[in-house]
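Input: a single structure, listed below in structure tokens.
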Amino acid sequence: MKNHTDYQELGDMRDQLAKLKDMLNSERMITERMMRRTMSEKVNKLMRRSIFFIVIALLFAPYEIWAMNFLGFNPIYGYSAAIFLIIAAVAEWQTCKGLRDEHFSRYTIVEIAETMVRYKRMNIKWLYFSIPFVLVWGGLLAYDILKAENLTVMIGISVGFAIGLAFGIHSMVKAQRTANEIINATHDLMREE
């Protein structure tokens, strides 16, 4: 009789353990869905940021040509700035190409992490091109302005440059932080599996 009771208790324990495993699997799936939804929302923010920058760059390209001609500078400044802005728009499009939601929702956790690492890496690579260009372009422009002794234009361009630089740094840091959050979330999900 005791043997039968032990088997019954053992069977009850197996049933409870199976239910517990089912609950844990269900909870893990819910957690993964919630994490994926959060990551998707963050990726959508990155995409909106990228689209905003692409639109701004494409709008400012012809403006640069007009503004440099209007201010009386050598047209090469306007054309080189416009070409730089078009290259920036193309680079931003290339950087965010893998972040589209229809692809991102089907990616495995490892593919999501790889995509975000690629995103971060491409943003850093862009800095290697853009910073030297802006320094050379801005330096040559500042030299021409100082040579022409036009202090008003120099102050206006300097203020615009400072505001643009601060906005660009803030935006880049924020995008890199968001990418890091997504990468950390993928690491958390991989540890749970």
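Convention: chains lettered A, B, ... in structure tokens order; per-chain residue numbering from 1; ligands numbered from 1 as shown.
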
Produce a table with one row for each residue of segment 101-189 of chain A that has an atom at most 8 Å from any atom of segment 76-97 of chain A, each row naming the nearest atom pair and its distance in Å at one decimal; use only C-alpha atoms; arrange rows by chain and rising residue number; format as a Markdown table.
```
| residue | atom | partner | partner_atom | distance |
| --- | --- | --- | --- | --- |
| A:Arg118 | CA | A:Thr95 | CA | 8.0 |
| A:Tyr119 | CA | A:Thr95 | CA | 5.7 |
| A:Met122 | CA | A:Thr95 | CA | 6.0 |
| A:Asn123 | CA | A:Thr95 | CA | 7.1 |
| A:Trp126 | CA | A:Ala91 | CA | 7.5 |
| A:Trp137 | CA | A:Tyr77 | CA | 7.5 |
| A:Leu141 | CA | A:Tyr77 | CA | 7.4 |
```

Quick one: contact table of segment 26-67 of chain A to segment 172-189 of chain A, 8 Å max, nearest atom pair and distance in Å to one decimal per residue, counting only C-alpha atoms, chain and number order, as JSON lines?
```
{"residue": "A:Glu32", "atom": "CA", "partner": "A:Leu189", "partner_atom": "CA", "distance": 6.8}
{"residue": "A:Met35", "atom": "CA", "partner": "A:Ala185", "partner_atom": "CA", "distance": 7.1}
{"residue": "A:Met39", "atom": "CA", "partner": "A:Ile182", "partner_atom": "CA", "distance": 5.7}
{"residue": "A:Lys42", "atom": "CA", "partner": "A:Thr178", "partner_atom": "CA", "distance": 6.7}
{"residue": "A:Leu46", "atom": "CA", "partner": "A:Ala175", "partner_atom": "CA", "distance": 6.6}
```
